[in-house]
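J.: Dropping in start.csv, which is CSV, C-alpha atoms:
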```csv
chain,number,residue,atom,x,y,z
A,268,MET,CA,8.7,-3.3,-24.0
A,269,LYS,CA,8.2,-0.4,-21.6
A,270,LYS,CA,6.1,-1.1,-18.6
A,271,GLN,CA,4.9,1.5,-16.1
A,272,LEU,CA,4.4,-0.1,-12.7
A,273,ILE,CA,2.2,1.9,-10.5
A,274,PRO,CA,1.2,1.3,-6.9
A,275,PHE,CA,-2.5,0.9,-6.6
A,276,ILE,CA,-4.7,2.9,-4.1
A,277,ALA,CA,-6.5,0.8,-1.5
A,278,ALA,CA,-10.1,1.7,-1.0
A,279,MET,CA,-13.4,-0.1,-1.0
A,280,VAL,CA,-15.6,0.5,-4.0
A,281,SER,CA,-18.9,-1.4,-4.6
A,282,PHE,CA,-19.2,-2.9,-8.0
A,283,ALA,CA,-22.0,-5.1,-9.4
A,284,ILE,CA,-20.9,-8.0,-11.5
A,285,PHE,CA,-22.3,-11.5,-12.3
A,286,GLY,CA,-22.0,-14.2,-9.6
A,287,CYS,CA,-23.9,-17.2,-8.6
A,288,SER,CA,-23.9,-20.4,-6.5
A,289,ASP,CA,-21.9,-20.9,-3.3
A,290,THR,CA,-19.6,-18.2,-1.9
A,291,LYS,CA,-17.0,-19.0,0.6
A,292,THR,CA,-15.4,-16.1,2.4
A,293,THR,CA,-12.4,-16.0,4.6
A,294,VAL,CA,-11.0,-13.0,6.5
A,295,HIS,CA,-7.3,-12.4,6.6
A,296,GLU,CA,-5.6,-9.8,8.8
A,297,ASN,CA,-2.8,-8.2,7.0
A,298,LYS,CA,0.1,-7.3,9.2
A,299,THR,CA,2.9,-7.2,6.6
A,300,ALA,CA,2.4,-4.0,4.7
A,301,ASP,CA,6.1,-4.0,3.6
A,302,SER,CA,6.0,-7.6,2.2
A,303,ALA,CA,7.4,-8.4,-1.2
A,304,ALA,CA,3.8,-8.6,-2.6
A,305,ASN,CA,3.4,-4.9,-2.1
A,306,HIS,CA,6.3,-3.7,-4.2
A,307,ALA,CA,6.6,-3.9,-8.0
A,308,PRO,CA,10.1,-4.8,-9.1
A,309,ALA,CA,12.3,-2.3,-10.9
A,310,GLU,CA,12.2,-2.2,-14.7
A,311,ASN,CA,15.6,-3.8,-15.1
A,312,THR,CA,15.3,-6.6,-12.6
A,313,ALA,CA,14.8,-10.2,-13.5
A,314,LEU,CA,11.0,-9.6,-13.3
A,315,GLY,CA,11.1,-6.3,-15.2
A,316,ASN,CA,9.3,-7.3,-18.4
A,317,ALA,CA,7.1,-9.8,-16.5
A,318,ALA,CA,4.7,-7.0,-15.8
A,319,PHE,CA,4.3,-7.8,-12.1
A,320,GLU,CA,1.1,-6.0,-11.1
A,321,SER,CA,1.3,-4.8,-7.5
A,322,THR,CA,-1.5,-4.8,-5.0
A,323,THR,CA,-1.9,-2.6,-1.9
A,324,PRO,CA,-3.4,-4.7,0.8
A,325,VAL,CA,-6.0,-3.5,3.3
A,326,GLU,CA,-6.2,-4.6,6.9
A,327,ASN,CA,-8.9,-7.2,7.6
A,328,ALA,CA,-9.7,-7.3,3.9
A,329,VAL,CA,-12.1,-10.0,2.8
A,330,GLU,CA,-10.8,-12.4,0.3
A,331,GLU,CA,-13.2,-14.7,-1.5
A,332,THR,CA,-13.5,-17.9,-3.4
A,333,LYS,CA,-16.7,-18.4,-5.4
A,334,THR,CA,-18.0,-21.6,-6.9
A,335,VAL,CA,-20.3,-21.8,-9.9
A,336,THR,CA,-21.8,-24.9,-11.5
A,337,LEU,CA,-21.3,-25.1,-15.3
A,338,ALA,CA,-23.8,-26.3,-17.8
A,339,ASN,CA,-22.0,-29.6,-18.0
A,340,GLY,CA,-22.1,-30.2,-14.3
A,341,ALA,CA,-18.4,-29.3,-13.7
A,342,LYS,CA,-17.5,-26.8,-10.9
A,343,ALA,CA,-15.6,-23.6,-11.6
A,344,ILE,CA,-14.0,-21.9,-8.6
A,345,TRP,CA,-12.7,-18.3,-8.6
A,346,MET,CA,-9.8,-17.7,-6.2
A,347,GLN,CA,-8.6,-14.2,-5.4
A,348,ASP,CA,-4.8,-14.4,-5.5
A,349,ASN,CA,-4.0,-10.9,-4.4
A,350,GLN,CA,-4.2,-9.7,-0.9
A,351,GLY,CA,-6.7,-6.9,-0.1
A,352,VAL,CA,-8.5,-4.6,-2.4
A,353,LYS,CA,-7.1,-3.9,-5.9
A,354,LEU,CA,-8.0,-0.8,-7.9
A,355,ASN,CA,-6.4,-0.2,-11.3
A,356,PRO,CA,-5.7,3.6,-11.6
A,357,ARG,CA,-6.7,6.0,-14.4
A,358,SER,CA,-3.0,6.2,-15.4
A,359,LEU,CA,-3.1,2.5,-16.5
A,360,PHE,CA,-5.5,3.4,-19.3
A,361,SER,CA,-3.7,6.0,-21.4
A,362,ASP,CA,-6.0,5.3,-24.3
A,363,ALA,CA,-9.0,6.6,-22.5
A,364,SER,CA,-10.0,10.3,-22.6
A,365,ASP,CA,-10.4,12.1,-19.3
A,366,SER,CA,-14.1,12.6,-20.0
A,367,LEU,CA,-14.6,8.9,-20.6
A,368,PHE,CA,-12.8,7.8,-17.5
A,369,ALA,CA,-14.7,10.5,-15.4
A,370,SER,CA,-18.0,9.1,-16.7
A,371,LEU,CA,-17.3,5.9,-14.7
A,372,ASN,CA,-17.4,7.8,-11.5
A,373,MET,CA,-14.6,5.7,-10.1
A,374,PRO,CA,-12.0,8.4,-9.2
A,375,ASP,CA,-10.0,6.1,-7.0
A,376,GLY,CA,-9.5,3.5,-9.7
A,377,ILE,CA,-11.3,0.6,-11.4
A,378,PRO,CA,-12.0,-2.4,-9.2
A,379,ALA,CA,-10.0,-5.4,-10.3
A,380,SER,CA,-8.1,-8.5,-9.0
A,381,VAL,CA,-5.3,-10.9,-9.6
A,382,SER,CA,-7.2,-14.2,-9.9
A,383,THR,CA,-6.8,-17.9,-10.6
A,384,PHE,CA,-9.5,-20.4,-11.5
A,385,LEU,CA,-10.0,-24.0,-10.6
A,386,VAL,CA,-12.2,-26.4,-12.6
A,387,GLN,CA,-13.2,-29.7,-11.1
A,388,VAL,CA,-14.4,-32.3,-13.6
A,389,ASP,CA,-14.5,-36.1,-13.6
A,390,GLY,CA,-12.4,-36.2,-10.4
A,391,ASN,CA,-9.7,-34.0,-11.8
A,392,ASN,CA,-8.6,-30.6,-10.5
A,393,ILE,CA,-7.6,-28.2,-13.4
A,394,LEU,CA,-5.9,-24.9,-12.6
A,395,PHE,CA,-6.0,-21.9,-14.9
A,396,ASP,CA,-2.8,-19.8,-14.2
A,397,ALA,CA,-0.9,-20.1,-11.0
A,398,GLY,CA,-0.9,-16.6,-9.6
A,399,LEU,CA,1.7,-14.5,-7.8
A,400,GLY,CA,3.3,-17.3,-5.7
A,401,ALA,CA,6.0,-15.9,-3.4
A,402,PHE,CA,5.0,-12.3,-4.3
A,403,GLY,CA,1.9,-12.5,-2.0
A,404,GLY,CA,-0.1,-15.1,-3.9
A,405,GLN,CA,-3.1,-16.6,-2.0
A,406,THR,CA,-4.0,-19.5,-4.4
A,407,MET,CA,-2.3,-22.2,-2.2
A,408,LYS,CA,-4.2,-21.0,0.9
A,409,HIS,CA,-7.5,-21.1,-1.0
A,410,LEU,CA,-6.8,-24.6,-2.3
A,411,GLU,CA,-6.0,-25.8,1.2
A,412,ALA,CA,-9.2,-24.3,2.4
A,413,LEU,CA,-11.0,-26.2,-0.3
A,414,GLY,CA,-9.4,-29.4,0.9
A,415,ILE,CA,-7.0,-29.6,-2.1
A,416,ASN,CA,-3.2,-29.8,-1.9
A,417,ALA,CA,-0.8,-29.1,-4.7
A,418,ASP,CA,-0.4,-32.8,-5.6
A,419,ASP,CA,-4.1,-33.0,-6.3
A,420,ILE,CA,-3.7,-30.6,-9.3
A,421,SER,CA,-3.5,-32.7,-12.5
A,422,LEU,CA,-3.5,-30.1,-15.2
A,423,ILE,CA,-2.5,-26.4,-15.4
A,424,TYR,CA,-3.4,-24.2,-18.3
A,425,LEU,CA,-1.4,-20.9,-18.7
A,426,THR,CA,-3.0,-17.9,-20.4
A,427,HIS,CA,0.4,-16.2,-20.8
A,428,PHE,CA,3.8,-15.8,-19.1
A,429,HIS,CA,3.6,-12.6,-17.0
A,430,ALA,CA,4.8,-13.0,-13.4
A,431,ASP,CA,1.4,-12.8,-11.8
A,432,HIS,CA,0.3,-15.8,-13.8
A,433,ILE,CA,3.3,-18.1,-13.5
A,434,ALA,CA,5.3,-17.2,-10.4
A,435,GLY,CA,3.0,-19.5,-8.4
A,436,LEU,CA,4.3,-22.5,-10.3
A,437,VAL,CA,7.4,-22.6,-8.2
A,438,THR,CA,8.2,-22.8,-4.5
A,439,LYS,CA,11.4,-23.3,-2.4
A,440,ASP,CA,12.7,-26.5,-1.0
A,441,SER,CA,14.3,-26.7,2.4
A,442,GLU,CA,17.6,-25.5,0.9
A,443,GLY,CA,16.1,-22.5,-0.8
A,444,LYS,CA,16.2,-24.0,-4.2
A,445,ASP,CA,13.4,-23.3,-6.7
A,446,ILE,CA,11.3,-26.4,-7.3
A,447,LYS,CA,7.9,-27.4,-8.7
A,448,ALA,CA,5.0,-26.3,-6.6
A,449,PHE,CA,2.7,-28.7,-8.5
A,450,LYS,CA,4.8,-31.9,-8.8
A,451,LYS,CA,2.1,-34.1,-10.4
A,452,ALA,CA,0.6,-31.5,-12.8
A,453,SER,CA,1.0,-31.4,-16.6
A,454,VAL,CA,1.4,-27.8,-17.7
A,455,TYR,CA,-0.1,-26.6,-21.0
A,456,ALA,CA,1.2,-23.4,-22.6
A,457,GLY,CA,0.9,-21.8,-26.1
A,458,LYS,CA,3.8,-22.4,-28.4
A,459,VAL,CA,3.7,-18.9,-29.7
A,460,GLU,CA,3.9,-17.5,-26.1
A,461,TYR,CA,6.6,-19.9,-25.1
A,462,ASP,CA,8.8,-19.1,-28.2
A,463,ALA,CA,8.4,-15.4,-27.7
A,464,TRP,CA,9.5,-15.4,-24.1
A,465,MET,CA,12.3,-17.9,-24.6
A,466,LYS,CA,13.7,-16.1,-27.7
A,467,ASP,CA,12.5,-12.5,-28.2
A,468,ILE,CA,11.4,-10.8,-25.0
A,469,PRO,CA,14.2,-9.5,-22.8
A,470,ASN,CA,14.3,-9.6,-19.0
A,471,ASN,CA,12.9,-13.2,-19.1
A,472,ASP,CA,14.9,-14.8,-16.3
A,473,LEU,CA,11.7,-15.8,-14.4
A,474,GLN,CA,10.1,-17.3,-17.5
A,475,LYS,CA,13.1,-19.3,-18.4
A,476,MET,CA,13.6,-20.6,-14.9
A,477,VAL,CA,9.9,-21.6,-14.5
A,478,MET,CA,9.7,-23.3,-17.9
A,479,GLY,CA,13.0,-25.1,-17.2
A,480,ILE,CA,11.8,-26.5,-14.0
A,481,TYR,CA,8.7,-27.8,-15.7
A,482,LYS,CA,10.4,-29.0,-18.9
A,483,ASP,CA,9.5,-32.7,-18.3
A,484,SER,CA,5.8,-31.9,-17.8
A,485,LEU,CA,5.4,-29.0,-20.3
A,486,HIS,CA,3.1,-29.4,-23.3
A,487,LEU,CA,3.0,-26.8,-26.0
A,488,PHE,CA,-0.2,-26.2,-28.0
A,489,ALA,CA,-1.3,-24.3,-31.1
A,490,PHE,CA,-4.5,-22.1,-31.2
A,491,GLY,CA,-7.5,-24.2,-32.1
A,492,ASP,CA,-6.1,-27.4,-30.5
A,493,SER,CA,-8.5,-29.4,-28.5
A,494,LEU,CA,-6.8,-30.2,-25.2
A,495,PRO,CA,-7.5,-32.7,-22.4
A,496,HIS,CA,-11.1,-32.6,-21.2
A,497,GLY,CA,-12.2,-31.0,-24.4
A,498,ILE,CA,-10.7,-27.6,-23.5
A,499,LEU,CA,-10.3,-25.4,-26.6
A,500,ALA,CA,-7.4,-22.9,-26.9
A,501,LEU,CA,-8.5,-19.6,-28.5
A,502,ASP,CA,-6.3,-16.9,-30.0
A,503,ALA,CA,-6.4,-13.9,-27.7
A,504,VAL,CA,-3.1,-12.4,-28.9
A,505,GLY,CA,-2.3,-8.8,-28.1
A,506,HIS,CA,-1.7,-8.5,-24.4
A,507,THR,CA,1.3,-10.8,-25.0
A,508,PRO,CA,2.5,-12.5,-28.3
A,509,GLY,CA,0.7,-15.7,-27.5
A,510,HIS,CA,-2.0,-14.7,-25.0
A,511,THR,CA,-4.6,-17.4,-24.9
A,512,ALA,CA,-8.2,-17.8,-23.9
A,513,PHE,CA,-9.7,-21.2,-23.0
A,514,GLN,CA,-13.2,-22.5,-23.5
A,515,PHE,CA,-14.5,-25.3,-21.4
A,516,GLY,CA,-18.2,-25.9,-22.0
A,517,ASN,CA,-20.0,-22.6,-21.3
A,518,LEU,CA,-16.9,-21.2,-19.4
A,519,LEU,CA,-14.5,-18.9,-21.2
A,520,VAL,CA,-11.3,-18.1,-19.3
A,521,ILE,CA,-10.2,-14.8,-20.8
A,522,GLY,CA,-6.9,-14.2,-19.0
A,523,ASP,CA,-5.8,-10.6,-19.2
A,524,LEU,CA,-8.2,-9.6,-22.0
A,525,MET,CA,-9.4,-6.8,-19.6
A,526,HIS,CA,-7.7,-5.0,-16.8
A,527,GLY,CA,-10.6,-2.5,-16.3
A,528,TYR,CA,-13.8,-4.3,-16.8
A,529,ALA,CA,-16.0,-1.3,-15.9
A,530,LEU,CA,-14.3,0.6,-18.7
A,531,GLN,CA,-13.4,-2.0,-21.3
A,532,LYS,CA,-16.7,-4.0,-21.4
A,533,ASP,CA,-18.3,-1.1,-23.2
A,534,HIS,CA,-15.2,0.3,-24.8
A,535,PRO,CA,-13.0,-2.6,-26.0
A,536,GLU,CA,-11.0,-0.1,-28.1
A,537,ILE,CA,-9.4,1.0,-24.8
A,538,ASN,CA,-6.2,-0.8,-23.9
A,539,SER,CA,-4.3,-1.1,-20.7
A,540,ASN,CA,-0.7,0.0,-20.7
A,541,TYR,CA,0.3,-3.6,-20.1
A,542,ASP,CA,-1.0,-4.7,-23.5
A,543,MET,CA,2.1,-5.3,-25.7
A,544,ASP,CA,0.5,-5.0,-29.1
A,545,LYS,CA,-2.4,-2.5,-28.9
A,546,GLU,CA,-3.9,-3.2,-32.3
A,547,LYS,CA,-4.0,-6.9,-31.8
A,548,SER,CA,-5.3,-6.5,-28.3
A,549,ILE,CA,-8.2,-4.4,-29.4
A,550,GLU,CA,-9.1,-6.9,-32.2
A,551,SER,CA,-8.9,-9.9,-29.7
A,552,ARG,CA,-11.0,-8.1,-27.1
A,553,LYS,CA,-13.7,-7.2,-29.6
A,554,ARG,CA,-13.8,-10.6,-31.1
A,555,ILE,CA,-13.8,-12.6,-27.9
A,556,LEU,CA,-16.4,-10.4,-26.2
A,557,GLN,CA,-18.6,-10.8,-29.2
A,558,TYR,CA,-18.0,-14.6,-29.2
A,559,ALA,CA,-18.9,-14.8,-25.5
A,560,ARG,CA,-22.1,-12.8,-26.1
A,561,GLU,CA,-23.2,-14.9,-29.1
A,562,ASN,CA,-22.6,-18.2,-27.3
A,563,LYS,CA,-23.9,-17.1,-23.9
A,564,LEU,CA,-20.6,-17.9,-22.3
A,565,LEU,CA,-19.6,-17.2,-18.7
A,566,MET,CA,-16.3,-15.2,-18.7
A,567,ALA,CA,-13.7,-15.9,-16.1
A,568,GLY,CA,-11.0,-13.2,-16.1
A,569,MET,CA,-7.8,-12.9,-14.2
A,570,HIS,CA,-8.3,-9.2,-13.6
A,571,LEU,CA,-12.0,-9.0,-13.4
A,572,PRO,CA,-13.3,-7.5,-10.1
A,573,PRO,CA,-14.5,-9.9,-7.4
A,574,PRO,CA,-16.0,-12.4,-7.8
A,575,GLY,CA,-14.1,-12.9,-11.1
A,576,PHE,CA,-17.0,-13.9,-13.3
A,577,ALA,CA,-18.9,-11.9,-15.9
A,578,GLU,CA,-21.6,-12.6,-18.5
```
Would you put the structure from the file into structure tokens?

T.:
Amino acid sequence: MKKQLIPFIAAMVSFAIFGCSDTKTTVHENKTADSAANHAPAENTALGNAAFESTTPVENAVEETKTVTLANGAKAIWMQDNQGVKLNPRSLFSDASDSLFASLNMPDGIPASVSTFLVQVDGNNILFDAGLGAFGGQTMKHLEALGINADDISLIYLTHFHADHIAGLVTKDSEGKDIKAFKKASVYAGKVEYDAWMKDIPNNDLQKMVMGIYKDSLHLFAFGDSLPHGILALDAVGHTPGHTAFQFGNLLVIGDLMHGYALQKDHPEINSNYDMDKEKSIESRKRILQYARENKLLMAGMHLPPPGFAE
């Protein structure tokens, strides 16, 4: 699998997208422009095929969390995991014609994010994906600001195994050893995704390490399974072999279904270069977008622009 890792241009671009309820904003001053979070790993490193998606931070950038109340009364909280502003460049969307991209009037790139989502229901804290972790991830800081520590997370659902979705599952102990970041959480992952990364996809050291650390709390599911709290696992294959969307009430967590919302919401036939199986990715994107429209679902996407939700 060939991945092209491109540094993203930092600039502020206004973008209108659905958002409601309470917004909590914190301001972080970035003084470490050369930190590990700002550099994509080389193709043949341990993270090569993990499709680490780099972010160029902006000084004094505003990073947000946003809380929405779902139809069933549960809370869904968007957390921006990347630092600064993220713009996905035109070169990430090779399938798009120059004229189509130009029609967006976004020459500096399409607004995006690296995001995680927290659902609070029946006294439980459920995390969807774990973010970048040591590669500049902000999820832990956002959880702390919400009064939640890692041991308060009871369930973690993974949309897929790329580094910007699973690296946050691990941290270092006092001796520098990789250990669980969420010691009390049960982790749910798709069996198709797990099998592909453990057996078929090269440069999978990170994935094997993380899954090994969580082997005693890892639960593998099949598409269509009803999971704890009535969460439904939906087939969203294409971006990766077992890419999964999750439905919880009127919330639909779509993972990496779209890397350029402004482009792909109206042109689902356009892939990003990160999508491993383009034909399946297009089919999944069309089907799930239609499903969301027909059922009036609120989409939560790991690369939607702030504030991470879209109707």

J.: Which residues are near Tyr481 in chain A? Cut-off 9 Å, all atoms listed in the file, ignore same chain within fewer than 5 positions. Put them as a ChimeraX atom specification.

T.: /A:436,446-447,450,453-454,476

J.: Write out as JSON, numbers by chain each polymer residue whose atoms come within 6 Å of Ala503 in chain A, counting all atoms listed in the file; drop sequence neighbours fewer than 6 positions from it.

T.: {"A": [510, 511, 512, 551]}

J.: Which residues are near range 363-378 of chain A? Cut-off 7 Å, all atoms listed in the file, ignore same chain within fewer than 3 positions. Put them as a VMD selection string.

T.: chain A and resid 276 280 353 to 357 360 527 529 537 572

J.: With all atoms listed in the file as the counted atoms, please give the residues lying no more than 8 Å from Thr507 in chain A, apart from itself and same-chain residues fewer than 6 positions off, as a PDB file with C-alpha atoms, in the frame of the given file.

T.:
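Saved as selection-v7.pdb:
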```pdb
ATOM      1  CA  HIS A 427       0.400 -16.200 -20.800  1.00  0.00           C
ATOM      2  CA  GLU A 460       3.900 -17.500 -26.100  1.00  0.00           C
ATOM      3  CA  ASP A 542      -1.000  -4.700 -23.500  1.00  0.00           C
ATOM      4  CA  MET A 543       2.100  -5.300 -25.700  1.00  0.00           C
ATOM      5  CA  ASP A 544       0.500  -5.000 -29.100  1.00  0.00           C
TER       6      ASP A 544
END
```

J.: Would you mind listing what lies within 6 Å of Thr383 in chain A as a PyMOL selection string, with all atoms listed in the file counted and same-chain residues fewer than 2 positions away left out?

T.: chain A and resi 346+395-396

J.: Under the rule that only C-alpha atoms are counted, which of A:Asp348, A:Glu536, A:Asp502, A:Glu561 is the nearest residue to His432 in chain A?

T.: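 Counting only C-alpha atoms, the residue closest to His432 in chain A is A:Asp348.
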
J.: Determine the nearest neighbour of His409 in chain A from the options A:Leu422, A:Ile468, A:Ile498, A:Leu385, counting only C-alpha atoms.

T.: A:Leu385

J.: Counting only C-alpha atoms, which of A:Asp419, A:Gly400, A:Ala434, A:Gln557 gets nearest to Asp533 in chain A?

T.: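 Answer, going by the shortest atom-to-atom distance: A:Gln557.
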
J.: So which one's closest to Phe402 in chain A, A:Gly435, A:Asn471, A:Trp464, A:Leu425? Using all atoms listed in the file, please.

T.: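 Checking each of A:Gly435, A:Asn471, A:Trp464, A:Leu425 against Phe402 in chain A, counting all atoms listed in the file, the winner is A:Gly435.
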